[in-house]
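With mmCIF, C-alpha atoms and all ligand atoms inside, this is entry39.cif:
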```cif
data_start
#
loop_
_atom_site.group_PDB
_atom_site.id
_atom_site.type_symbol
_atom_site.label_atom_id
_atom_site.label_comp_id
_atom_site.auth_asym_id
_atom_site.auth_seq_id
_atom_site.Cartn_x
_atom_site.Cartn_y
_atom_site.Cartn_z
ATOM 1 C CA MET A 180 95.780 135.962 74.033
ATOM 2 C CA LEU A 181 96.281 134.445 70.601
ATOM 3 C CA LYS A 182 93.786 131.784 69.712
ATOM 4 C CA ASP A 183 95.301 130.456 66.489
ATOM 5 C CA PRO A 184 97.037 127.123 66.910
ATOM 6 C CA LEU A 185 100.798 126.965 66.545
ATOM 7 C CA PRO A 186 101.735 125.252 63.268
ATOM 8 C CA ARG A 187 102.569 121.620 63.895
ATOM 9 C CA SER A 188 105.800 121.783 61.933
ATOM 10 C CA LEU A 189 107.995 124.367 60.278
ATOM 11 C CA ASP A 190 110.886 124.310 57.816
ATOM 12 C CA VAL A 191 113.198 125.877 60.365
ATOM 13 C CA ARG A 192 116.174 126.447 58.081
ATOM 14 C CA LYS A 193 114.126 128.409 55.583
ATOM 15 C CA ALA A 194 112.387 130.165 58.431
ATOM 16 C CA ALA A 195 115.766 131.063 59.956
ATOM 17 C CA ALA A 196 117.043 132.420 56.640
ATOM 18 C CA ARG A 197 113.948 134.596 56.327
ATOM 19 C CA GLY A 198 113.721 135.595 59.973
ATOM 20 C CA VAL A 199 110.229 134.178 60.411
ATOM 21 C CA THR A 200 108.341 134.267 63.705
ATOM 22 C CA VAL A 201 105.370 132.030 64.371
ATOM 23 C CA SER A 202 103.203 131.927 67.447
ATOM 24 C CA GLY A 203 100.025 130.316 68.615
ATOM 25 C CA SER A 204 98.360 128.074 71.119
ATOM 26 C CA LEU A 205 98.791 124.362 71.700
ATOM 27 C CA SER A 206 96.466 121.809 73.154
ATOM 28 C CA LEU A 207 97.670 119.729 76.107
ATOM 29 C CA ALA A 208 95.936 116.759 74.540
ATOM 30 C CA GLU A 209 98.502 116.973 71.743
ATOM 31 C CA MET A 210 101.390 116.638 74.204
ATOM 32 C CA PRO A 211 100.996 113.152 75.691
ATOM 33 C CA ARG A 212 104.439 113.013 77.327
ATOM 34 C CA PHE A 213 103.867 116.313 79.142
ATOM 35 C CA LEU A 214 100.235 115.531 79.869
ATOM 36 C CA ALA A 215 101.306 112.359 81.680
ATOM 37 C CA LEU A 216 102.982 114.592 84.309
ATOM 38 C CA LEU A 217 99.887 116.714 84.925
ATOM 39 C CA ALA A 218 96.770 116.344 87.052
ATOM 40 C CA SER A 219 94.423 116.930 84.115
ATOM 41 C CA ASP A 220 94.329 118.159 80.541
ATOM 42 C CA SER A 221 92.739 121.454 81.530
ATOM 43 C CA GLY A 222 94.917 124.481 80.987
ATOM 44 C CA ARG A 223 96.458 126.411 78.155
ATOM 45 C CA VAL A 224 99.772 126.693 76.369
ATOM 46 C CA GLN A 225 100.949 129.595 74.264
ATOM 47 C CA ALA A 226 104.216 129.531 72.325
ATOM 48 C CA ASN A 227 106.279 131.960 70.306
ATOM 49 C CA VAL A 228 108.970 130.659 67.951
ATOM 50 C CA GLU A 229 111.396 133.189 66.512
ATOM 51 C CA CYS A 230 113.735 131.939 63.794
ATOM 52 C CA GLY A 231 116.874 133.683 62.663
ATOM 53 C CA ARG A 232 120.629 133.480 62.297
ATOM 54 C CA ASP A 233 123.217 134.419 64.885
ATOM 55 C CA GLU A 234 126.572 136.175 64.287
ATOM 56 C CA GLU A 235 128.196 132.852 63.438
ATOM 57 C CA ASN A 236 125.493 131.996 60.955
ATOM 58 C CA HIS A 237 123.888 129.258 63.019
ATOM 59 C CA SER A 238 120.197 128.794 62.365
ATOM 60 C CA VAL A 239 118.779 129.706 65.730
ATOM 61 C CA ILE A 240 115.313 129.333 67.183
ATOM 62 C CA ALA A 241 114.256 131.343 70.202
ATOM 63 C CA VAL A 242 111.295 129.619 71.762
ATOM 64 C CA THR A 243 109.178 131.204 74.469
ATOM 65 C CA VAL A 244 106.403 129.258 76.145
ATOM 66 C CA GLU A 245 103.738 130.435 78.551
ATOM 67 C CA ALA A 246 101.364 127.982 80.063
ATOM 68 C CA GLU A 247 98.881 127.425 82.832
ATOM 69 C CA VAL A 248 98.524 123.777 83.755
ATOM 70 C CA SER A 249 96.998 121.661 86.482
ATOM 71 C CA VAL A 250 99.377 119.695 88.698
ATOM 72 C CA VAL A 251 99.067 117.790 91.965
ATOM 73 C CA CYS A 252 100.153 119.591 95.133
ATOM 74 C CA GLN A 253 102.635 117.330 96.898
ATOM 75 C CA ARG A 254 101.469 118.533 100.308
ATOM 76 C CA CYS A 255 97.723 117.938 100.120
ATOM 77 C CA LEU A 256 97.558 115.859 96.912
ATOM 78 C CA GLU A 257 94.822 118.117 95.515
ATOM 79 C CA PRO A 258 95.093 119.642 92.023
ATOM 80 C CA MET A 259 96.428 123.161 91.724
ATOM 81 C CA THR A 260 97.013 125.619 88.894
ATOM 82 C CA LEU A 261 100.639 126.166 87.988
ATOM 83 C CA PRO A 262 101.622 129.114 85.800
ATOM 84 C CA MET A 263 104.692 128.343 83.713
ATOM 85 C CA ALA A 264 106.980 130.506 81.626
ATOM 86 C CA CYS A 265 110.108 129.257 79.936
ATOM 87 C CA SER A 266 112.323 130.218 77.064
ATOM 88 C CA ASN A 267 115.288 128.728 75.300
ATOM 89 C CA ARG A 268 117.566 129.324 72.341
ATOM 90 C CA LEU A 269 118.231 126.337 70.157
ATOM 91 C CA ALA A 270 120.557 125.929 67.218
ATOM 92 C CA VAL A 271 119.245 123.810 64.387
ATOM 93 C CA VAL A 272 121.650 121.065 63.369
ATOM 94 C CA TRP A 273 121.343 117.904 61.307
ATOM 95 C CA THR A 274 123.681 115.577 63.188
ATOM 96 C CA ASP A 275 125.118 114.818 66.636
ATOM 97 C CA GLU A 276 128.519 115.744 65.267
ATOM 98 C CA GLN A 277 127.357 119.254 64.414
ATOM 99 C CA ALA A 278 125.713 119.508 67.815
ATOM 100 C CA LYS A 279 129.087 118.892 69.501
ATOM 101 C CA HIS A 280 130.638 121.913 67.802
ATOM 102 C CA LEU A 281 128.043 124.401 68.965
ATOM 103 C CA PRO A 282 128.972 127.140 71.410
ATOM 104 C CA ARG A 283 128.006 126.236 74.962
ATOM 105 C CA GLU A 284 125.168 128.706 75.286
ATOM 106 C CA LEU A 285 123.273 127.103 72.408
ATOM 107 C CA ASP A 286 121.312 123.910 72.904
ATOM 108 C CA PRO A 287 121.170 121.789 69.785
ATOM 109 C CA LEU A 288 117.921 121.007 68.075
ATOM 110 C CA ILE A 289 118.628 118.018 65.891
ATOM 111 C CA SER A 290 116.044 118.298 63.195
ATOM 112 C CA GLU A 291 115.110 117.291 59.740
ATOM 113 C CA ASP A 292 114.046 120.120 57.496
ATOM 114 C CA ASP A 293 110.597 120.131 58.994
ATOM 115 C CA CYS A 294 110.938 120.744 62.697
ATOM 116 C CA ARG A 295 108.099 119.385 64.802
ATOM 117 C CA LEU A 296 107.266 122.528 66.712
ATOM 118 C CA TRP A 297 104.723 120.884 68.985
ATOM 119 C CA GLU A 298 107.272 118.334 70.165
ATOM 120 C CA MET A 299 109.853 121.056 70.651
ATOM 121 C CA VAL A 300 107.460 123.058 72.849
ATOM 122 C CA GLU A 301 106.530 119.881 74.718
ATOM 123 C CA ASP A 302 110.221 119.207 75.442
ATOM 124 C CA GLU A 303 110.641 122.725 76.813
ATOM 125 C CA LEU A 304 107.628 122.324 79.088
ATOM 126 C CA ILE A 305 108.827 118.953 80.378
ATOM 127 C CA LEU A 306 112.231 120.457 81.205
ATOM 128 C CA ALA A 307 110.665 123.478 82.893
ATOM 129 C CA LEU A 308 108.116 121.598 84.990
ATOM 130 C CA PRO A 309 109.206 121.568 88.659
ATOM 131 C CA ALA A 310 109.510 118.068 90.092
ATOM 132 C CA PHE A 311 107.458 119.066 93.139
ATOM 133 C CA ASN A 312 104.664 121.600 93.327
ATOM 134 C CA TYR A 313 102.916 123.022 96.355
ATOM 135 C CA HIS A 314 99.982 125.348 96.929
ATOM 136 C CA GLU A 315 101.036 128.849 97.901
ATOM 137 C CA ASP A 316 99.212 128.379 101.191
ATOM 138 C CA PRO A 317 101.660 126.416 103.367
ATOM 139 C CA ASN A 318 98.695 125.118 105.395
ATOM 140 C CA CYS A 319 96.783 123.638 102.490
ATOM 141 C CA ASN A 320 96.939 120.155 103.981
ATOM 142 C CA GLU A 321 95.777 121.411 107.384
ATOM 143 C CA ILE A 322 92.743 123.042 105.819
ATOM 144 C CA LEU A 323 92.045 119.717 104.217
ATOM 145 C CA ASN A 324 92.551 117.868 107.498
ATOM 146 C CA ALA A 325 90.214 120.283 109.244
ATOM 147 C CA LEU A 326 87.573 119.490 106.668
ATOM 148 C CA ASP A 327 88.093 115.837 107.378
ATOM 149 C CA GLU A 328 86.210 115.424 110.645
ATOM 150 C CA ALA A 329 88.189 112.400 111.720
ATOM 151 C CA PRO A 330 90.743 113.616 114.236
ATOM 152 C CA ALA A 331 94.076 112.172 113.322
ATOM 153 C CA ASP A 332 95.762 110.812 116.419
ATOM 154 C CA GLU A 333 99.022 112.528 115.897
ATOM 155 C CA ALA A 334 101.468 111.560 118.564
ATOM 156 C CA GLU A 335 103.961 114.345 118.563
ATOM 157 C CA PRO A 336 107.438 112.930 118.740
ATOM 158 C CA ASP A 337 109.326 114.253 121.740
ATOM 159 C CA SER A 338 112.148 116.233 120.336
ATOM 160 C CA LYS A 339 114.009 116.273 123.653
ATOM 161 C CA PRO A 340 113.094 113.518 126.065
ATOM 162 C CA ASN A 341 113.086 114.642 129.651
ATOM 163 C CA PRO A 342 116.041 112.806 131.245
ATOM 164 C CA PHE A 343 114.148 112.315 134.506
ATOM 165 C CA GLU A 344 111.252 110.679 132.737
ATOM 166 C CA VAL A 345 113.665 108.380 130.971
ATOM 167 C CA LEU A 346 115.186 107.459 134.308
ATOM 168 C CA ALA A 347 111.758 106.834 135.814
ATOM 169 C CA GLN A 348 110.979 104.416 133.048
ATOM 170 C CA LEU A 349 114.203 102.579 133.676
ATOM 171 C CA LYS A 350 113.490 102.199 137.402
ATOM 172 C CA PRO A 351 112.531 98.653 138.229
ATOM 173 C CA GLY A 352 109.534 97.781 140.333
ATOM 174 C CA LYS A 353 107.349 100.462 138.917
ATOM 175 C CA ASP A 354 104.333 98.157 138.739
HETATM 176 ZN ZN ZN B 401 98.131 121.721 98.592
#
```

Output the file's structure as structure tokens, nothing else.
Amino acid sequence: MLKDPLPRSLDVRKAAARGVTVSGSLSLAEMPRFLALLASDSGRVQANVECGRDEENHSVIAVTVEAEVSVVCQRCLEPMTLPMACSNRLAVVWTDEQAKHLPRELDPLISEDDCRLWEMVEDELILALPAFNYHEDPNCNEILNALDEAPADEAEPDSKPNPFEVLAQLKPGKD
């Protein structure tokens, strides 16, 4: 695992012309928008940013992100570790107008000369984060309930009411 931090910004057009690749780690504390979706700031993020030109001479960035973050399990509401891996190809453009003319398979990255790499990686992570996360163990909440001594009085809903019972309840003069 690479320990060097990813550069905060990069002149992506120059980097694309030269075919530069940069990689490194990022701190979750530096990604406040993504961090707001997580259970804690513990975890790690590793990114690889490959700059180059495609056949049509677009400046293209291939970004690959691997991360391990802490999120809340929606079943038991306890924190859990979520491994993440995402990648995307972005075309560097200056304006919305240029973005409209890109081929469909390329997402635009509207950027000044210095692209904020950390923000770009943060955007990718936000897009890749599942809306709901669950422990692999489908019984994680039951384990938790078992630990809680208090027996929950779970009245199981009758899926199919017995028609005779229903009739009995309707009978007058029962009491
Ligand atoms: Zn859980």

(Q) As a check of understanding, name the residues that the PyMOL selection byres (((not hetatm)) within 6 of (chain B and resi 401)) selects in the supplied structure, as JSON, numbers by chain. (A) {"A": [252, 254, 255, 257, 313, 314, 319, 320]}

(Q) Can you translate the PyMOL selection byres (((chain A and resi 212) around 9) and not hetatm) into the concrete residues it hits in this file, as a VMD selection string? (A) chain A and resid 210 to 211 213 to 216 301 to 302 305

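Applied to the file shown here, the PyMOL selection byres (((chain A and resi 312) around 10) and not hetatm) selects Val250, Val251, Cys252, Gln253, Arg254, Leu256, Pro258, Met259, Thr260, Leu261, Leu308, Pro309, Ala310, Phe311, Tyr313, His314 and Glu315 of chain A.
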
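Take atom CA of A:Thr274 and atom CA of A:Ile289: the distance between them is 6.2 Å.
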
Q: Could you check how far atom CA of A:Ser219 sits from atom CA of A:Leu269, in Å to one decimal?
A: 29.2 Å

Q) Of the candidates A:Val272, A:Arg187, A:Ala218, A:Thr200, which one gets nearest to A:Val242 if we count only C-alpha atoms? A) A:Thr200

Q) Do you know which residues are at most 10 Å from A:Thr243 counting all atoms listed in the file, after dropping those on the same chain fewer than 2 positions away, and could you put them as an MDAnalysis selection string? A) chainID A and resid 202 225:229 240:241 245 264:268 300 303

Based on the selection just made, write C-alpha atoms of those residues as a compact mmCIF listing (two decimals), in the coordinates of the input.
```txt
# COMPACT_ATOMS: atom_id res chain seq x y z
CA SER A 202 103.20 131.93 67.45
CA GLN A 225 100.95 129.60 74.26
CA ALA A 226 104.22 129.53 72.32
CA ASN A 227 106.28 131.96 70.31
CA VAL A 228 108.97 130.66 67.95
CA GLU A 229 111.40 133.19 66.51
CA ILE A 240 115.31 129.33 67.18
CA ALA A 241 114.26 131.34 70.20
CA GLU A 245 103.74 130.44 78.55
CA ALA A 264 106.98 130.51 81.63
CA CYS A 265 110.11 129.26 79.94
CA SER A 266 112.32 130.22 77.06
CA ASN A 267 115.29 128.73 75.30
CA ARG A 268 117.57 129.32 72.34
CA VAL A 300 107.46 123.06 72.85
CA GLU A 303 110.64 122.72 76.81
```

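The gap separating atom CA of A:Pro262 from atom CA of A:Val199 is 27.3 Å, in Å to one decimal.
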
**Q.** Closest of A:Leu281, A:Val224, A:Leu288, A:Val191 to A:Ser206 - atom-to-atom distances counting only C-alpha atoms
**A.** A:Val224
